[in-house]
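> This is run_25.cif, which holds mmCIF, C-alpha atoms:
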data_entry
loop_
_atom_site.label_atom_id
_atom_site.label_comp_id
_atom_site.auth_asym_id
_atom_site.auth_seq_id
_atom_site.Cartn_x
_atom_site.Cartn_y
_atom_site.Cartn_z
CA MET A 1 -11.77 -8.70 18.75
CA ARG A 2 -10.36 -9.78 15.39
CA ILE A 3 -9.48 -6.20 14.43
CA ALA A 4 -7.74 -5.66 17.78
CA TRP A 5 -5.65 -8.79 17.14
CA LEU A 6 -4.73 -7.55 13.65
CA LEU A 7 -3.64 -4.19 15.03
CA VAL A 8 -1.53 -5.79 17.77
CA ARG A 9 0.06 -8.13 15.21
CA HIS A 10 0.84 -5.12 13.01
CA GLU A 11 2.50 -3.24 15.87
CA VAL A 12 4.59 -6.28 16.81
CA ARG A 13 5.75 -6.71 13.21
CA VAL A 14 6.73 -3.04 13.03
CA LEU A 15 8.72 -3.32 16.27
CA VAL A 16 10.42 -6.52 15.08
CA SER A 17 11.34 -4.67 11.87
CA LEU A 18 12.94 -1.95 13.97
CA VAL A 19 15.08 -4.57 15.75
CA LEU A 20 16.05 -6.14 12.41
CA TRP A 21 16.97 -2.72 11.02
CA VAL A 22 19.20 -1.90 13.98
CA SER A 23 20.90 -5.30 13.68
CA ARG A 24 21.27 -4.80 9.86
CA ARG A 25 19.32 -7.95 8.98
CA THR A 26 16.48 -8.53 6.54
CA HIS A 27 13.29 -10.55 6.74
CA GLY A 28 12.50 -13.36 4.32
CA THR A 29 15.36 -12.88 1.86
CA LYS A 30 17.24 -16.15 2.38
CA GLY A 31 17.90 -17.89 -0.92
CA GLY A 32 16.51 -15.03 -3.01
CA ARG A 33 17.61 -11.77 -4.55
CA ALA A 34 16.37 -8.66 -2.75
CA PHE A 35 15.21 -5.47 -4.46
CA GLY A 36 14.67 -2.48 -2.20
CA TYR A 37 12.03 0.21 -2.44
CA ALA A 38 12.74 2.38 0.62
CA ARG A 39 14.93 5.02 -1.04
CA GLY A 40 11.94 6.73 -2.60
CA GLN A 41 10.38 7.50 0.76
CA GLY A 42 13.33 7.96 3.12
CA ALA A 43 13.28 11.76 3.14
CA VAL A 44 9.53 11.91 3.67
CA MET A 45 9.68 9.47 6.57
CA ALA A 46 12.59 11.39 8.13
CA GLY A 47 10.59 14.61 7.81
CA PHE A 48 7.56 12.98 9.37
CA ALA A 49 9.64 11.66 12.28
CA PHE A 50 11.13 15.13 12.78
CA VAL A 51 7.67 16.70 12.93
CA CYS A 52 6.63 14.07 15.50
CA VAL A 53 9.68 14.90 17.65
CA VAL A 54 8.89 18.63 17.46
CA GLU A 55 5.31 17.87 18.51
CA THR A 56 6.59 15.80 21.44
CA VAL A 57 8.78 18.65 22.67
CA ALA A 58 6.03 21.25 22.19
CA LEU A 59 3.46 19.19 24.11
CA SER A 60 5.97 18.55 26.88
CA VAL A 61 6.40 22.28 27.33
CA LEU A 62 2.67 23.02 27.12
CA LEU A 63 1.66 20.26 29.55
CA ARG A 64 4.46 20.66 32.12
CA ASP A 65 2.00 21.92 34.76
CA PHE A 66 -0.23 18.83 34.38
CA PRO A 67 2.00 15.86 35.30
CA THR A 68 -0.50 13.07 34.66
CA VAL A 69 -1.63 14.40 31.30
CA HIS A 70 1.99 15.19 30.45
CA ALA A 71 3.05 11.59 31.17
CA VAL A 72 0.24 10.15 29.05
CA PHE A 73 0.97 12.41 26.08
CA LEU A 74 4.71 11.91 26.39
CA PHE A 75 4.23 8.15 26.20
CA LEU A 76 1.91 8.44 23.19
CA ASP A 77 4.21 10.89 21.39
CA VAL A 78 7.33 8.80 21.93
CA TYR A 79 5.44 5.69 20.83
CA GLY A 80 4.33 7.59 17.71
CA VAL A 81 7.93 8.45 16.86
CA VAL A 82 8.95 4.80 17.37
CA ILE A 83 6.16 3.63 15.05
CA VAL A 84 7.11 6.13 12.31
CA VAL A 85 10.75 5.02 12.47
CA GLY A 86 9.59 1.39 12.63
CA LEU A 87 7.51 1.81 9.47
CA HIS A 88 10.54 3.09 7.61
CA ALA A 89 12.59 0.25 9.08
CA SER A 90 10.00 -2.27 7.86
CA SER A 91 10.34 -0.97 4.31
CA VAL A 92 14.12 -1.38 4.52
CA VAL A 93 14.18 -4.88 6.05
CA ARG A 94 11.29 -6.27 3.98
CA PRO A 95 12.37 -5.74 0.35
CA HIS A 96 10.85 -7.36 -2.72
CA VAL A 97 12.42 -10.80 -3.18
CA LEU A 98 12.93 -12.78 -6.38
CA GLU A 99 13.03 -16.41 -5.27
CA ASP A 100 13.05 -19.72 -7.10
CA GLY A 101 9.66 -19.85 -8.75
CA SER A 102 8.11 -16.66 -7.33
CA LEU A 103 8.38 -12.93 -6.86
CA ARG A 104 7.50 -11.64 -3.42
CA ILE A 105 6.16 -8.07 -3.55
CA ARG A 106 6.11 -6.26 -0.22
CA ARG A 107 5.47 -2.86 1.33
CA TYR A 108 6.03 -2.17 5.02
CA VAL A 109 4.34 -4.97 6.95
CA HIS A 110 1.02 -4.34 5.17
CA VAL A 111 1.54 -6.01 1.79
CA ASP A 112 3.17 -9.38 1.17
CA LEU A 113 2.11 -10.84 -2.18
CA ARG A 114 3.70 -13.90 -3.77
CA VAL A 115 3.41 -14.06 -7.55
CA PRO A 116 4.44 -17.38 -9.12
CA LEU A 117 6.77 -16.73 -12.07
CA GLU A 118 4.74 -18.99 -14.37
CA ARG A 119 1.73 -16.67 -13.93
CA ILE A 120 3.60 -13.60 -15.20
CA ALA A 121 2.50 -12.86 -18.77
CA SER A 122 4.60 -9.70 -19.11
CA VAL A 123 6.78 -7.43 -17.03
CA ARG A 124 7.79 -3.90 -17.95
CA ARG A 125 9.39 -0.79 -16.53
CA GLU A 126 6.62 1.78 -16.35
CA LEU A 127 6.74 4.93 -14.25
CA ARG A 128 3.26 5.93 -13.08
CA MET A 129 2.45 8.82 -10.78
CA THR A 130 -1.34 8.49 -10.63
CA HIS A 131 -3.30 5.42 -9.65
CA GLU A 132 -7.03 4.90 -9.71
CA ARG A 133 -8.45 2.01 -7.73
CA THR A 134 -9.69 -0.61 -10.19
CA ASP A 135 -10.99 -4.14 -9.70
CA GLY A 136 -8.36 -6.75 -10.50
CA GLU A 137 -5.45 -4.33 -10.10
CA LEU A 138 -3.10 -3.81 -7.17
CA ASP A 139 -0.98 -0.68 -6.86
CA VAL A 140 1.82 -0.97 -4.29
CA GLU A 141 3.05 2.61 -4.50
CA VAL A 142 5.90 4.33 -2.75
CA GLY A 143 5.86 8.11 -2.76
CA SER A 144 2.74 7.94 -4.97
CA GLN A 145 4.61 6.22 -7.77
CA THR A 146 5.11 2.78 -9.23
CA THR A 147 7.93 1.77 -11.55
CA VAL A 148 7.23 -1.87 -12.49
CA THR A 149 4.07 -3.38 -13.99
CA LEU A 150 3.27 -7.10 -13.98
CA GLU A 151 0.49 -8.52 -16.12
CA LEU A 152 -0.58 -11.99 -15.02
CA THR A 153 -1.99 -14.91 -17.01
CA GLU A 154 -4.30 -15.84 -14.14
CA PRO A 155 -5.16 -13.99 -10.95
CA VAL A 156 -3.35 -14.25 -7.63
CA THR A 157 -5.01 -13.65 -4.28
CA HIS A 158 -4.02 -10.54 -2.36
CA VAL A 159 -5.04 -10.45 1.30
CA THR A 160 -5.64 -6.88 2.53
CA PHE A 161 -4.63 -5.52 5.93
CA PHE A 162 -7.97 -6.48 7.50
CA GLY A 163 -8.05 -9.92 5.85
CA ARG A 164 -10.25 -9.24 2.84
CA ARG A 165 -9.29 -11.30 -0.21
CA ARG A 166 -8.93 -9.73 -3.66
CA GLU A 167 -8.10 -11.42 -6.92
CA VAL A 168 -5.62 -9.36 -8.95
CA ARG A 169 -4.45 -9.78 -12.55
CA LEU A 170 -2.31 -6.63 -12.80
CA VAL A 171 0.24 -5.57 -10.19
CA ARG A 172 2.09 -2.27 -10.18
CA PHE A 173 4.81 -1.64 -7.61
CA HIS A 174 7.87 0.48 -6.94
CA ALA A 175 11.46 -0.73 -6.90
CA ASP A 176 14.56 1.42 -6.46
CA ASP A 177 16.32 -0.57 -9.21
CA ALA A 178 13.35 -1.15 -11.50
CA ASP A 179 15.49 -1.87 -14.57
CA GLY A 180 17.53 -4.47 -12.67
CA LEU A 181 14.36 -6.11 -11.35
CA VAL A 182 12.78 -6.27 -14.82
CA ARG A 183 15.97 -7.82 -16.26
CA ALA A 184 16.22 -10.33 -13.40
CA LEU A 185 12.56 -11.29 -13.82
CA GLY A 186 13.11 -11.77 -17.57
CA ARG A 187 16.05 -14.10 -16.90
CA ALA A 188 14.20 -16.01 -14.16
CA ARG A 189 11.13 -16.60 -16.34
CA VAL A 190 13.18 -18.12 -19.21
#
Show how you would write the structure in this file as structure tokens.

Amino acid sequence: MRIAWLLVRHEVRVLVSLVLWVSRRTHGTKGGRAFGYARGQGAVMAGFAFVCVVETVALSVLLRDFPTVHAVFLFLDVYGVVIVVGLHASSVVRPHVLEDGSLRIRRYVHVDLRVPLERIASVRRELRMTHERTDGELDVEVGSQTTVTLELTEPVTHVTFFGRRREVRLVRFHADDADGLVRALGRARV
């Protein structure tokens, strides 16, 4: 039952992100400076949505003689397109946020990690294209790449999608303006 609740909560957050995107608003950026990360994946998400639309049309043609099955698949296909567009919308409306005293690192509606500025030992611009899963490290990649690396003085707790808690001491993530984010973090930490 807990997993079903998590999945429903995820879908609601994606749909809310779609509404925020259409209304040109952001989530959780009041009083902070936002740094986007969606540019690196926009073309891929548009391509994925296009493929989903083509699939919807193809299945509609193939299933036109079976009205009940056609209706079910049409609903599922249209919902799939909405979710794909909603995922992209969530990456646009939920940027990384540099607030007073913390950096909020986000990706879609899956990752939302607050890192207190006093726990940041070092920050650097570092482009990485490969990531191996390692204990104590969190890679928040976009398009299989990260551009900023944070080393922490003490671990922060990252809660995974299904609620598992992980302690991380090194965080790598992507930002469209990685140099600007690194400079802003340097100024905020002083």
> Distance atom CA of A:Glu141-atom CA of A:Tyr37, one decimal place?
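Separation between atom CA of A:Glu141 and atom CA of A:Tyr37: 9.5 Å.
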> Please write as a list in words the list of polymer residues whose atoms come within 12 Å of (-2.1, -2.3, 13.3), counting all atoms listed in the file and keeping to the coordinates of the file.
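I get Arg2, Ile3, Ala4, Trp5, Leu6, Leu7, Val8, Arg9, His10, Glu11, Val12, Arg13, Val14, Leu15, Ile83, Leu87, Tyr108, Val109, His110, Phe161 and Phe162 of chain A for the residues within 12 Å of that point.
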> When the PyMOL selection byres ((chain A and resi 53) around 12) is applied to the structure above, which residues does it catch, written out as a list in words?
Ala46, Gly47, Phe48, Ala49, Phe50, Val51, Cys52, Val54, Glu55, Thr56, Val57, Ala58, Leu59, Ser60, Leu74, Leu76, Asp77, Val78, Tyr79, Gly80, Val81, Val82, Val84 and Val85 of chain A
> For this structure, which residues satisfy the selection - the PyMOL selection byres ((chain A and resi 180) around 12) - when it is evaluated on the file as given? I want them as a ChimeraX atom specification.
/A:33-36,98,123-125,147-148,175-179,181-187
> Just want the 10 Å neighbourhood of A:Phe173, counted on all atoms listed in the file, with same-chain residues fewer than 2 positions away dropped. Output as a PyMOL selection string.
chain A and resi 37+96+105-107+126-128+138-142+145-150+171+175+178
> Translate the PyMOL selection byres ((chain A and resi 114) around 8) into a concrete residue list for this structure, as a list in words.
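Output from the PyMOL selection byres ((chain A and resi 114) around 8), applied to this file: Ser102, Leu103, Arg104, Ile105, Asp112, Leu113, Val115 and Pro116 of chain A.
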> By how many Å are atom CA of A:Arg24 and atom CA of A:His158 apart?
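Separating atom CA of A:Arg24 from atom CA of A:His158 is a distance of 28.7 Å.
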> Under the rule that only C-alpha atoms are counted, which of A:Val19, A:Leu62, A:Met1, A:Ala188 is the nearest residue to A:Asp100?
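Among the listed residues, A:Ala188 lies closest to A:Asp100.
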> Smallest atom-to-atom distance to A:Ser17: which of A:Ala89, A:Val69, A:Met129, A:Leu63, using only C-alpha atoms?
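Of A:Ala89, A:Val69, A:Met129, A:Leu63, the one nearest A:Ser17 is A:Ala89, counting only C-alpha atoms.
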> List the spatial neighbours of A:Asp135 as a ChimeraX atom specification - criterion: any atom at most 9 Å away, all atoms listed in the file, same-chain residues fewer than 4 positions off excluded.
/A:166-168
> Taking only C-alpha atoms into account, name the residue in A:Gly42, A:Gly31, A:Gly136, A:Gly163 that is nearest to A:Glu151.
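Using only C-alpha atoms, the shortest distance to A:Glu151 belongs to A:Gly136.
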> Do you have the atom CA of A:Leu152-atom CA of A:Arg189 distance handy?
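Result for atom CA of A:Leu152 versus atom CA of A:Arg189: 12.7 Å, one decimal.
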> Using all atoms listed in the file, which of A:Ile120, A:Val111, A:Thr134, A:Gln41 sits nearest A:Val159?
A:Val111
> Looking at all atoms listed in the file, which of A:Pro67, A:Gly32, A:Gly86, A:Pro155 is the one that sits closest to A:Val16?
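Using all atoms listed in the file, A:Val16 sits closest to A:Gly86.
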> Complete stretch 135-156 of chain A with N, CA and C atoms (output as a JSON list (two decimals), keeping the file's coordinate frame).

[["chain", "number", "residue", "atom", "x", "y", "z"],
["A", 135, "ASP", "N", -10.87, -2.71, -10.02],
["A", 135, "ASP", "CA", -10.99, -4.14, -9.70],
["A", 135, "ASP", "C", -9.96, -4.93, -10.50],
["A", 136, "GLY", "N", -9.33, -5.89, -9.84],
["A", 136, "GLY", "CA", -8.36, -6.75, -10.50],
["A", 136, "GLY", "C", -6.97, -6.16, -10.61],
["A", 137, "GLU", "N", -6.77, -4.96, -10.07],
["A", 137, "GLU", "CA", -5.45, -4.33, -10.10],
["A", 137, "GLU", "C", -4.99, -4.01, -8.69],
["A", 138, "LEU", "N", -3.69, -4.15, -8.46],
["A", 138, "LEU", "CA", -3.10, -3.81, -7.17],
["A", 138, "LEU", "C", -1.96, -2.84, -7.41],
["A", 139, "ASP", "N", -2.03, -1.69, -6.77],
["A", 139, "ASP", "CA", -0.98, -0.68, -6.86],
["A", 139, "ASP", "C", -0.26, -0.61, -5.51],
["A", 140, "VAL", "N", 0.99, -1.01, -5.50],
["A", 140, "VAL", "CA", 1.82, -0.97, -4.29],
["A", 140, "VAL", "C", 2.78, 0.20, -4.49],
["A", 141, "GLU", "N", 2.30, 1.40, -4.19],
["A", 141, "GLU", "CA", 3.05, 2.61, -4.50],
["A", 141, "GLU", "C", 3.94, 3.03, -3.35],
["A", 142, "VAL", "N", 5.00, 3.71, -3.71],
["A", 142, "VAL", "CA", 5.90, 4.33, -2.75],
["A", 142, "VAL", "C", 6.08, 5.77, -3.22],
["A", 143, "GLY", "N", 5.78, 6.72, -2.36],
["A", 143, "GLY", "CA", 5.86, 8.11, -2.76],
["A", 143, "GLY", "C", 4.91, 8.41, -3.91],
["A", 144, "SER", "N", 3.77, 7.77, -3.93],
["A", 144, "SER", "CA", 2.74, 7.94, -4.97],
["A", 144, "SER", "C", 3.20, 7.54, -6.36],
["A", 145, "GLN", "N", 4.18, 6.66, -6.45],
["A", 145, "GLN", "CA", 4.61, 6.22, -7.77],
["A", 145, "GLN", "C", 4.88, 4.73, -7.79],
["A", 146, "THR", "N", 4.72, 4.17, -8.97],
["A", 146, "THR", "CA", 5.11, 2.78, -9.23],
["A", 146, "THR", "C", 6.05, 2.79, -10.42],
["A", 147, "THR", "N", 6.94, 1.80, -10.48],
["A", 147, "THR", "CA", 7.93, 1.77, -11.55],
["A", 147, "THR", "C", 7.94, 0.46, -12.33],
["A", 148, "VAL", "N", 7.26, -0.57, -11.82],
["A", 148, "VAL", "CA", 7.23, -1.87, -12.49],
["A", 148, "VAL", "C", 5.78, -2.32, -12.61],
["A", 149, "THR", "N", 5.42, -2.87, -13.78],
["A", 149, "THR", "CA", 4.07, -3.38, -13.99],
["A", 149, "THR", "C", 4.15, -4.85, -14.39],
["A", 150, "LEU", "N", 3.38, -5.68, -13.67],
["A", 150, "LEU", "CA", 3.27, -7.10, -13.98],
["A", 150, "LEU", "C", 1.86, -7.39, -14.49],
["A", 151, "GLU", "N", 1.77, -8.01, -15.64],
["A", 151, "GLU", "CA", 0.49, -8.52, -16.12],
["A", 151, "GLU", "C", 0.51, -10.03, -15.93],
["A", 152, "LEU", "N", -0.56, -10.58, -15.37],
["A", 152, "LEU", "CA", -0.58, -11.99, -15.02],
["A", 152, "LEU", "C", -1.49, -12.78, -15.95],
["A", 153, "THR", "N", -1.16, -14.04, -16.17],
["A", 153, "THR", "CA", -1.99, -14.91, -17.01],
["A", 153, "THR", "C", -3.25, -15.35, -16.28],
["A", 154, "GLU", "N", -3.14, -15.52, -14.97],
["A", 154, "GLU", "CA", -4.30, -15.84, -14.14],
["A", 154, "GLU", "C", -4.15, -15.11, -12.82],
["A", 155, "PRO", "N", -5.25, -14.83, -12.15],
["A", 155, "PRO", "CA", -5.16, -13.99, -10.95],
["A", 155, "PRO", "C", -4.45, -14.66, -9.78],
["A", 156, "VAL", "N", -3.89, -13.82, -8.92],
["A", 156, "VAL", "CA", -3.35, -14.25, -7.63],
["A", 156, "VAL", "C", -4.18, -13.58, -6.55]]
